[in-house]
file protein_34.pdb (PDB, N, CA and C atoms)
MODEL        1
ATOM      1  N   MET A 698      -4.156 -11.455  18.559
ATOM      2  CA  MET A 698      -3.506 -10.196  18.815
ATOM      3  C   MET A 698      -2.412 -10.418  19.854
ATOM      4  N   SER A 699      -1.268  -9.841  19.620
ATOM      5  CA  SER A 699      -0.148  -9.901  20.563
ATOM      6  C   SER A 699      -0.111  -8.614  21.360
ATOM      7  N   THR A 700       0.162  -8.756  22.641
ATOM      8  CA  THR A 700       0.210  -7.595  23.516
ATOM      9  C   THR A 700       1.532  -7.577  24.261
ATOM     10  N   VAL A 701       2.130  -6.408  24.318
ATOM     11  CA  VAL A 701       3.344  -6.194  25.092
ATOM     12  C   VAL A 701       2.965  -5.304  26.261
ATOM     13  N   SER A 702       3.255  -5.742  27.484
ATOM     14  CA  SER A 702       2.989  -4.933  28.671
ATOM     15  C   SER A 702       4.299  -4.390  29.210
ATOM     16  N   ILE A 703       4.303  -3.096  29.527
ATOM     17  CA  ILE A 703       5.501  -2.438  30.028
ATOM     18  C   ILE A 703       5.134  -1.690  31.296
ATOM     19  N   LYS A 704       5.922  -1.898  32.352
ATOM     20  CA  LYS A 704       5.685  -1.209  33.611
ATOM     21  C   LYS A 704       6.671  -0.068  33.754
ATOM     22  N   LEU A 705       6.140   1.132  33.899
ATOM     23  CA  LEU A 705       6.965   2.325  34.066
ATOM     24  C   LEU A 705       6.418   3.158  35.208
ATOM     25  N   GLY A 706       7.327   3.848  35.863
ATOM     26  CA  GLY A 706       6.932   4.640  37.022
ATOM     27  C   GLY A 706       6.298   5.978  36.685
ATOM     28  N   THR A 707       6.859   6.694  35.734
ATOM     29  CA  THR A 707       6.386   8.059  35.491
ATOM     30  C   THR A 707       5.808   8.201  34.090
ATOM     31  N   SER A 708       4.951   9.189  33.937
ATOM     32  CA  SER A 708       4.346   9.429  32.627
ATOM     33  C   SER A 708       5.380   9.951  31.629
ATOM     34  N   LYS A 709       6.423  10.653  32.137
ATOM     35  CA  LYS A 709       7.477  11.145  31.240
ATOM     36  C   LYS A 709       8.236   9.962  30.628
ATOM     37  N   LYS A 710       8.573   8.980  31.454
ATOM     38  CA  LYS A 710       9.246   7.782  30.941
ATOM     39  C   LYS A 710       8.349   7.054  29.952
ATOM     40  N   ARG A 711       7.070   6.977  30.270
ATOM     41  CA  ARG A 711       6.109   6.307  29.396
ATOM     42  C   ARG A 711       6.046   7.007  28.039
ATOM     43  N   LYS A 712       6.006   8.322  28.068
ATOM     44  CA  LYS A 712       5.929   9.100  26.825
ATOM     45  C   LYS A 712       7.192   8.896  25.994
ATOM     46  N   ASN A 713       8.355   8.949  26.633
ATOM     47  CA  ASN A 713       9.617   8.762  25.915
ATOM     48  C   ASN A 713       9.712   7.362  25.328
ATOM     49  N   LEU A 714       9.377   6.367  26.128
ATOM     50  CA  LEU A 714       9.454   4.998  25.649
ATOM     51  C   LEU A 714       8.443   4.750  24.543
ATOM     52  N   ASN A 715       7.262   5.319  24.688
ATOM     53  CA  ASN A 715       6.243   5.175  23.658
ATOM     54  C   ASN A 715       6.749   5.709  22.325
ATOM     55  N   GLN A 716       7.382   6.858  22.340
ATOM     56  CA  GLN A 716       7.925   7.447  21.115
ATOM     57  C   GLN A 716       9.002   6.553  20.506
ATOM     58  N   ILE A 717       9.895   6.038  21.354
ATOM     59  CA  ILE A 717      10.962   5.149  20.875
ATOM     60  C   ILE A 717      10.368   3.897  20.240
ATOM     61  N   LEU A 718       9.408   3.286  20.928
ATOM     62  CA  LEU A 718       8.798   2.059  20.414
ATOM     63  C   LEU A 718       8.019   2.305  19.126
ATOM     64  N   GLU A 719       7.261   3.369  19.083
ATOM     65  CA  GLU A 719       6.508   3.683  17.866
ATOM     66  C   GLU A 719       7.439   3.896  16.679
ATOM     67  N   ASN A 720       8.535   4.635  16.904
ATOM     68  CA  ASN A 720       9.493   4.870  15.823
ATOM     69  C   ASN A 720      10.150   3.572  15.359
ATOM     70  N   ALA A 721      10.540   2.735  16.316
ATOM     71  CA  ALA A 721      11.197   1.472  15.977
ATOM     72  C   ALA A 721      10.248   0.541  15.231
ATOM     73  N   LEU A 722       9.018   0.440  15.697
ATOM     74  CA  LEU A 722       8.042  -0.421  15.039
ATOM     75  C   LEU A 722       7.678   0.100  13.657
ATOM     76  N   ASP A 723       7.560   1.411  13.535
ATOM     77  CA  ASP A 723       7.257   2.009  12.233
ATOM     78  C   ASP A 723       8.395   1.760  11.248
ATOM     79  N   ARG A 724       9.618   1.930  11.698
ATOM     80  CA  ARG A 724      10.787   1.695  10.842
ATOM     81  C   ARG A 724      10.853   0.226  10.412
ATOM     82  N   GLU A 725      10.642  -0.666  11.360
ATOM     83  CA  GLU A 725      10.667  -2.098  11.035
ATOM     84  C   GLU A 725       9.573  -2.450  10.040
ATOM     85  N   ASN A 726       8.397  -1.895  10.228
ATOM     86  CA  ASN A 726       7.290  -2.162   9.308
ATOM     87  C   ASN A 726       7.607  -1.649   7.901
ATOM     88  N   ARG A 727       8.174  -0.452   7.817
ATOM     89  CA  ARG A 727       8.535   0.093   6.501
ATOM     90  C   ARG A 727       9.573  -0.773   5.809
ATOM     91  N   LEU A 728      10.587  -1.223   6.555
ATOM     92  CA  LEU A 728      11.617  -2.093   5.965
ATOM     93  C   LEU A 728      11.027  -3.421   5.500
ATOM     94  N   LEU A 729      10.136  -3.976   6.296
ATOM     95  CA  LEU A 729       9.498  -5.234   5.911
ATOM     96  C   LEU A 729       8.640  -5.056   4.656
ATOM     97  N   LEU A 730       7.924  -3.948   4.562
ATOM     98  CA  LEU A 730       7.095  -3.706   3.376
ATOM     99  C   LEU A 730       7.940  -3.522   2.120
ATOM    100  N   ILE A 731       9.091  -2.888   2.261
ATOM    101  CA  ILE A 731      10.011  -2.755   1.121
ATOM    102  C   ILE A 731      10.506  -4.135   0.699
ATOM    103  N   ALA A 732      10.903  -4.938   1.669
ATOM    104  CA  ALA A 732      11.379  -6.295   1.369
ATOM    105  C   ALA A 732      10.264  -7.137   0.756
ATOM    106  N   LEU A 733       9.046  -6.979   1.252
ATOM    107  CA  LEU A 733       7.912  -7.720   0.717
ATOM    108  C   LEU A 733       7.661  -7.354  -0.742
ATOM    109  N   LYS A 734       7.737  -6.068  -1.046
ATOM    110  CA  LYS A 734       7.520  -5.612  -2.424
ATOM    111  C   LYS A 734       8.588  -6.180  -3.360
ATOM    112  N   LYS A 735       9.842  -6.153  -2.937
ATOM    113  CA  LYS A 735      10.919  -6.692  -3.770
ATOM    114  C   LYS A 735      10.742  -8.185  -3.994
ATOM    115  N   THR A 736      10.333  -8.889  -2.959
ATOM    116  CA  THR A 736      10.118 -10.328  -3.084
ATOM    117  C   THR A 736       8.933 -10.618  -3.995
ATOM    118  N   GLU A 737       7.872  -9.839  -3.879
ATOM    119  CA  GLU A 737       6.720 -10.008  -4.765
ATOM    120  C   GLU A 737       7.104  -9.779  -6.222
ATOM    121  N   GLU A 738       7.967  -8.802  -6.479
ATOM    122  CA  GLU A 738       8.429  -8.543  -7.840
ATOM    123  C   GLU A 738       9.197  -9.739  -8.395
ATOM    124  N   LYS A 739      10.043 -10.341  -7.568
ATOM    125  CA  LYS A 739      10.792 -11.527  -8.007
ATOM    126  C   LYS A 739       9.846 -12.685  -8.283
ATOM    127  N   LEU A 740       8.846 -12.861  -7.428
ATOM    128  CA  LEU A 740       7.873 -13.945  -7.639
ATOM    129  C   LEU A 740       7.099 -13.738  -8.932
ATOM    130  N   LYS A 741       6.734 -12.494  -9.226
ATOM    131  CA  LYS A 741       5.991 -12.205 -10.455
ATOM    132  C   LYS A 741       6.800 -12.560 -11.701
ATOM    133  N   LEU A 742       8.113 -12.373 -11.642
ATOM    134  CA  LEU A 742       8.960 -12.759 -12.774
ATOM    135  C   LEU A 742       8.902 -14.269 -13.009
ATOM    136  N   PHE A 743       8.984 -15.045 -11.930
ATOM    137  CA  PHE A 743       8.866 -16.499 -12.064
ATOM    138  C   PHE A 743       7.478 -16.878 -12.577
ATOM    139  N   GLU A 744       6.442 -16.247 -12.052
ATOM    140  CA  GLU A 744       5.078 -16.545 -12.475
ATOM    141  C   GLU A 744       4.877 -16.264 -13.959
ATOM    142  N   LYS A 745       5.441 -15.179 -14.412
ATOM    143  CA  LYS A 745       5.323 -14.824 -15.831
ATOM    144  C   LYS A 745       6.100 -15.815 -16.696
ATOM    145  N   GLN A 746       7.300 -16.160 -16.257
ATOM    146  CA  GLN A 746       8.146 -17.079 -17.023
ATOM    147  C   GLN A 746       7.511 -18.466 -17.141
ATOM    148  N   TYR A 747       6.907 -18.949 -16.068
ATOM    149  CA  TYR A 747       6.372 -20.313 -16.058
ATOM    150  C   TYR A 747       4.848 -20.381 -16.129
ATOM    151  N   ASN A 748       4.200 -19.220 -16.223
ATOM    152  CA  ASN A 748       2.751 -19.128 -16.403
ATOM    153  C   ASN A 748       1.966 -19.914 -15.333
ATOM    154  N   ILE A 749       2.346 -19.720 -14.080
ATOM    155  CA  ILE A 749       1.675 -20.361 -12.959
ATOM    156  C   ILE A 749       1.854 -19.466 -11.731
ATOM    157  N   SER A 750       0.868 -19.464 -10.851
ATOM    158  CA  SER A 750       0.981 -18.647  -9.639
ATOM    159  C   SER A 750       2.016 -19.254  -8.703
ATOM    160  N   SER A 751       2.576 -18.420  -7.849
ATOM    161  CA  SER A 751       3.555 -18.902  -6.877
ATOM    162  C   SER A 751       2.915 -19.865  -5.883
ATOM    163  N   ASP A 752       1.664 -19.604  -5.510
ATOM    164  CA  ASP A 752       0.966 -20.508  -4.589
ATOM    165  C   ASP A 752       0.851 -21.908  -5.196
ATOM    166  N   GLU A 753       0.414 -21.970  -6.438
ATOM    167  CA  GLU A 753       0.264 -23.268  -7.106
ATOM    168  C   GLU A 753       1.620 -23.937  -7.321
ATOM    169  N   PHE A 754       2.594 -23.157  -7.742
ATOM    170  CA  PHE A 754       3.935 -23.715  -7.913
ATOM    171  C   PHE A 754       4.431 -24.333  -6.611
ATOM    172  N   PHE A 755       4.286 -23.599  -5.511
ATOM    173  CA  PHE A 755       4.833 -24.071  -4.241
ATOM    174  C   PHE A 755       4.127 -25.346  -3.776
ATOM    175  N   LYS A 756       2.825 -25.450  -4.015
ATOM    176  CA  LYS A 756       2.103 -26.695  -3.690
ATOM    177  C   LYS A 756       2.707 -27.861  -4.467
ATOM    178  N   ARG A 757       2.926 -27.647  -5.747
ATOM    179  CA  ARG A 757       3.522 -28.701  -6.580
ATOM    180  C   ARG A 757       4.944 -29.015  -6.122
ATOM    181  N   TYR A 758       5.678 -27.995  -5.812
ATOM    182  CA  TYR A 758       7.073 -28.170  -5.375
ATOM    183  C   TYR A 758       7.122 -28.994  -4.083
ATOM    184  N   GLN A 759       6.264 -28.653  -3.132
ATOM    185  CA  GLN A 759       6.250 -29.386  -1.855
ATOM    186  C   GLN A 759       5.809 -30.833  -2.024
ATOM    187  N   ASN A 760       4.967 -31.090  -3.023
ATOM    188  CA  ASN A 760       4.486 -32.448  -3.270
ATOM    189  C   ASN A 760       5.401 -33.233  -4.203
ATOM    190  N   GLY A 761       6.562 -32.655  -4.552
ATOM    191  CA  GLY A 761       7.522 -33.356  -5.401
ATOM    192  C   GLY A 761       7.100 -33.460  -6.850
ATOM    193  N   LYS A 762       6.237 -32.556  -7.296
ATOM    194  CA  LYS A 762       5.732 -32.608  -8.675
ATOM    195  C   LYS A 762       6.461 -31.653  -9.606
ATOM    196  N   THR A 763       7.638 -31.202  -9.188
ATOM    197  CA  THR A 763       8.497 -30.387 -10.049
ATOM    198  C   THR A 763       9.873 -31.039 -10.078
ATOM    199  N   ASP A 764      10.663 -30.656 -11.053
ATOM    200  CA  ASP A 764      12.031 -31.180 -11.066
ATOM    201  C   ASP A 764      12.933 -30.274 -10.224
ATOM    202  N   ASP A 765      14.201 -30.557 -10.228
ATOM    203  CA  ASP A 765      15.143 -29.842  -9.358
ATOM    204  C   ASP A 765      15.957 -28.780 -10.086
ATOM    205  N   ARG A 766      15.379 -28.197 -11.118
ATOM    206  CA  ARG A 766      16.128 -27.147 -11.817
ATOM    207  C   ARG A 766      16.371 -25.972 -10.877
ATOM    208  N   ASN A 767      17.435 -25.255 -11.146
ATOM    209  CA  ASN A 767      17.846 -24.148 -10.275
ATOM    210  C   ASN A 767      16.761 -23.089 -10.119
ATOM    211  N   ASP A 768      16.039 -22.787 -11.202
ATOM    212  CA  ASP A 768      14.968 -21.793 -11.117
ATOM    213  C   ASP A 768      13.912 -22.192 -10.096
ATOM    214  N   TYR A 769      13.568 -23.462 -10.066
ATOM    215  CA  TYR A 769      12.545 -23.914  -9.131
ATOM    216  C   TYR A 769      13.030 -23.831  -7.687
ATOM    217  N   ILE A 770      14.278 -24.158  -7.487
ATOM    218  CA  ILE A 770      14.853 -24.052  -6.143
ATOM    219  C   ILE A 770      14.879 -22.588  -5.707
ATOM    220  N   ASP A 771      15.290 -21.706  -6.619
ATOM    221  CA  ASP A 771      15.297 -20.261  -6.324
ATOM    222  C   ASP A 771      13.889 -19.743  -6.059
ATOM    223  N   TRP A 772      12.940 -20.196  -6.866
ATOM    224  CA  TRP A 772      11.548 -19.761  -6.721
ATOM    225  C   TRP A 772      10.989 -20.211  -5.368
ATOM    226  N   ALA A 773      11.235 -21.448  -5.021
ATOM    227  CA  ALA A 773      10.760 -21.966  -3.738
ATOM    228  C   ALA A 773      11.383 -21.181  -2.578
ATOM    229  N   GLY A 774      12.657 -20.878  -2.693
ATOM    230  CA  GLY A 774      13.325 -20.089  -1.664
ATOM    231  C   GLY A 774      12.745 -18.699  -1.551
ATOM    232  N   GLU A 775      12.479 -18.080  -2.683
ATOM    233  CA  GLU A 775      11.896 -16.740  -2.699
ATOM    234  C   GLU A 775      10.485 -16.759  -2.109
ATOM    235  N   TYR A 776       9.741 -17.811  -2.405
ATOM    236  CA  TYR A 776       8.390 -17.944  -1.860
ATOM    237  C   TYR A 776       8.437 -18.118  -0.343
ATOM    238  N   HIS A 777       9.389 -18.880   0.123
ATOM    239  CA  HIS A 777       9.559 -19.061   1.571
ATOM    240  C   HIS A 777       9.894 -17.718   2.237
ATOM    241  N   ILE A 778      10.759 -16.938   1.629
ATOM    242  CA  ILE A 778      11.104 -15.607   2.144
ATOM    243  C   ILE A 778       9.859 -14.729   2.172
ATOM    244  N   TYR A 779       9.063 -14.770   1.093
ATOM    245  CA  TYR A 779       7.822 -14.007   1.007
ATOM    246  C   TYR A 779       6.887 -14.343   2.163
ATOM    247  N   GLN A 780       6.703 -15.632   2.416
ATOM    248  CA  GLN A 780       5.816 -16.060   3.500
ATOM    249  C   GLN A 780       6.329 -15.574   4.857
ATOM    250  N   SER A 781       7.626 -15.664   5.060
ATOM    251  CA  SER A 781       8.224 -15.239   6.324
ATOM    252  C   SER A 781       8.037 -13.740   6.557
ATOM    253  N   ILE A 782       8.291 -12.956   5.541
ATOM    254  CA  ILE A 782       8.125 -11.499   5.662
ATOM    255  C   ILE A 782       6.659 -11.151   5.910
ATOM    256  N   LYS A 783       5.782 -11.801   5.176
ATOM    257  CA  LYS A 783       4.350 -11.532   5.317
ATOM    258  C   LYS A 783       3.873 -11.837   6.740
ATOM    259  N   GLU A 784       4.353 -12.924   7.324
ATOM    260  CA  GLU A 784       3.987 -13.263   8.704
ATOM    261  C   GLU A 784       4.469 -12.192   9.682
ATOM    262  N   LYS A 785       5.662 -11.661   9.446
ATOM    263  CA  LYS A 785       6.192 -10.611  10.317
ATOM    264  C   LYS A 785       5.376  -9.331  10.198
ATOM    265  N   VAL A 786       4.990  -8.974   8.988
ATOM    266  CA  VAL A 786       4.166  -7.777   8.780
ATOM    267  C   VAL A 786       2.833  -7.939   9.499
ATOM    268  N   GLU A 787       2.227  -9.106   9.354
ATOM    269  CA  GLU A 787       0.942  -9.362  10.010
ATOM    270  C   GLU A 787       1.084  -9.318  11.531
ATOM    271  N   ALA A 788       2.172  -9.850  12.058
ATOM    272  CA  ALA A 788       2.397  -9.823  13.501
ATOM    273  C   ALA A 788       2.527  -8.386  14.002
ATOM    274  N   LEU A 789       3.239  -7.543  13.262
ATOM    275  CA  LEU A 789       3.373  -6.136  13.663
ATOM    276  C   LEU A 789       2.033  -5.413  13.619
ATOM    277  N   GLU A 790       1.222  -5.751  12.624
ATOM    278  CA  GLU A 790      -0.087  -5.102  12.503
ATOM    279  C   GLU A 790      -1.000  -5.451  13.680
ATOM    280  N   GLU A 791      -0.815  -6.634  14.254
ATOM    281  CA  GLU A 791      -1.647  -7.083  15.359
ATOM    282  C   GLU A 791      -1.115  -6.653  16.726
ATOM    283  N   LEU A 792       0.079  -6.127  16.770
ATOM    284  CA  LEU A 792       0.738  -5.800  18.027
ATOM    285  C   LEU A 792       0.108  -4.591  18.707
ATOM    286  N   THR A 793      -0.127  -4.714  20.000
ATOM    287  CA  THR A 793      -0.564  -3.576  20.806
ATOM    288  C   THR A 793       0.383  -3.472  22.001
ATOM    289  N   ILE A 794       0.569  -2.256  22.462
ATOM    290  CA  ILE A 794       1.436  -2.002  23.600
ATOM    291  C   ILE A 794       0.608  -1.410  24.719
ATOM    292  N   GLU A 795       0.718  -2.020  25.880
ATOM    293  CA  GLU A 795      -0.006  -1.509  27.053
ATOM    294  C   GLU A 795       1.021  -1.075  28.097
ATOM    295  N   TYR A 796       0.752   0.043  28.712
ATOM    296  CA  TYR A 796       1.625   0.551  29.772
ATOM    297  C   TYR A 796       0.920   0.405  31.111
ATOM    298  N   ASN A 797       1.633  -0.133  32.065
ATOM    299  CA  ASN A 797       1.072  -0.315  33.411
ATOM    300  C   ASN A 797       1.709   0.656  34.377
TER     301      ASN A 797
ENDMDL
END

call {"tool": "encode", "arguments": {"input": "protein_34.pdb", "output": "structure tokens"}}
result
Amino acid sequence: MSTVSIKLGTSKKRKNLNQILENALDRENRLLLIALKKTEEKLKLFEKQYNISSDEFFKRYQNGKTDDRNDYIDWAGEYHIYQSIKEKVEALEELTIEYN
């Protein structure tokens, strides 16, 4: 779990900042989930076309067991984007904010 500590003098400042942070984090989470869904849709197209899961494909790709066709390069790139977005979503879900 990640924790952010913020020191503020007054409860009014704390309330205002809390609202700003909650809105910003909520907006970022929504944008990430939209991006994650779009990336998942692209991965599903590759999976359907090549009849293999993205996880299995990426293992083969990393081990050099695929050729260098453009689709595979695009698929690997899309999978990397998927992993990156997923890590960010998970990090936001674990985030807590403490006010001192």

call {"tool": "residues_around", "arguments": {"input": "protein_34.pdb", "residues": "Leu729 in chain A", "least_positions_apart": "4", "cutoff": "8 Å", "atoms": "all atoms listed in the file", "output": "PyMOL selection string"}}
result
chain A and resi 723-725+733-735+782-783+785-786

call {"tool": "atom_distance", "arguments": {"input": "protein_34.pdb", "atom1": "CA of Leu792 in chain A", "atom2": "CA of Glu719 in chain A"}}
result
11.1 Å

call {"tool": "select_by_dssp", "arguments": {"input": "protein_34.pdb", "residues": "chain A", "states": "strand (DSSP E)", "output": "PyMOL selection string"}}
result
chain A and resi 700-703+793-796

call {"tool": "closest_residue", "arguments": {"input": "protein_34.pdb", "among": "A:Ile794, A:Ala773, A:Ile703, A:Leu789", "to": "Leu722 in chain A", "atoms": "only N, CA and C atoms"}}
result
A:Leu789

call {"tool": "atom_distance", "arguments": {"input": "protein_34.pdb", "atom1": "CA of Ile770 in chain A", "atom2": "CA of Tyr758 in chain A"}}
result
8.8 Å

call {"tool": "atom_distance", "arguments": {"input": "protein_34.pdb", "atom1": "CA of Ser750 in chain A", "atom2": "CA of Glu738 in chain A"}}
result
12.7 Å

call {"tool": "residues_around", "arguments": {"input": "protein_34.pdb", "residues": "Lys704 in chain A", "least_positions_apart": "3", "cutoff": "12 Å", "atoms": "only C-alpha atoms", "output": "compact mmCIF listing (two decimals) with N, CA and C atoms, keeping the file's coordinate frame"}}
result
# COMPACT_ATOMS: atom_id res chain seq x y z
N VAL A 701 2.13 -6.41 24.32
CA VAL A 701 3.34 -6.19 25.09
C VAL A 701 2.96 -5.30 26.26
N THR A 707 6.86 6.69 35.73
CA THR A 707 6.39 8.06 35.49
C THR A 707 5.81 8.20 34.09
N SER A 708 4.95 9.19 33.94
CA SER A 708 4.35 9.43 32.63
C SER A 708 5.38 9.95 31.63
N LYS A 710 8.57 8.98 31.45
CA LYS A 710 9.25 7.78 30.94
C LYS A 710 8.35 7.05 29.95
N ARG A 711 7.07 6.98 30.27
CA ARG A 711 6.11 6.31 29.40
C ARG A 711 6.05 7.01 28.04
N LEU A 714 9.38 6.37 26.13
CA LEU A 714 9.45 5.00 25.65
C LEU A 714 8.44 4.75 24.54
N ASN A 715 7.26 5.32 24.69
CA ASN A 715 6.24 5.18 23.66
C ASN A 715 6.75 5.71 22.32
N ILE A 794 0.57 -2.26 22.46
CA ILE A 794 1.44 -2.00 23.60
C ILE A 794 0.61 -1.41 24.72
N GLU A 795 0.72 -2.02 25.88
CA GLU A 795 -0.01 -1.51 27.05
C GLU A 795 1.02 -1.08 28.10
N TYR A 796 0.75 0.04 28.71
CA TYR A 796 1.62 0.55 29.77
C TYR A 796 0.92 0.40 31.11
N ASN A 797 1.63 -0.13 32.06
CA ASN A 797 1.07 -0.32 33.41
C ASN A 797 1.71 0.66 34.38

call {"tool": "residues_around", "arguments": {"input": "protein_34.pdb", "residues": "Glu791 in chain A", "least_positions_apart": "3", "cutoff": "7 Å", "atoms": "only N, CA and C atoms", "output": "list in words"}}
result
Met698, Ser699, Thr700, Val786, Glu787 and Ala788 of chain A

call {"tool": "closest_residue", "arguments": {"input": "protein_34.pdb", "among": "A:Gln780, A:Ser702, A:Thr736, A:Asn720", "to": "Thr793 in chain A", "atoms": "only C-alpha atoms"}}
result
A:Ser702

call {"tool": "axis_aligned_box", "arguments": {"input": "protein_34.pdb", "around": "range 716-721 of chain A", "padding_each_side": "8 Å", "output": "JSON"}}
result
{"center_x": 8.9, "center_y": 4.0, "center_z": 18.8, "size_x": 20.7, "size_y": 22.9, "size_z": 23.1}

call {"tool": "closest_residue", "arguments": {"input": "protein_34.pdb", "among": "A:Ala721, A:Arg727, A:Tyr776, A:Lys756", "to": "Leu740 in chain A", "atoms": "only N, CA and C atoms"}}
result
A:Tyr776

call {"tool": "resolve_selection", "arguments": {"input": "protein_34.pdb", "expression": "the PyMOL selection byres ((chain A and resi 772) around 8)", "output": "list in words"}}
result
Lys739, Leu740, Phe743, Ser751, Phe754, Phe755, Arg766, Asn767, Asp768, Tyr769, Ile770, Asp771, Ala773, Gly774, Glu775, Tyr776, His777 and Ile778 of chain A
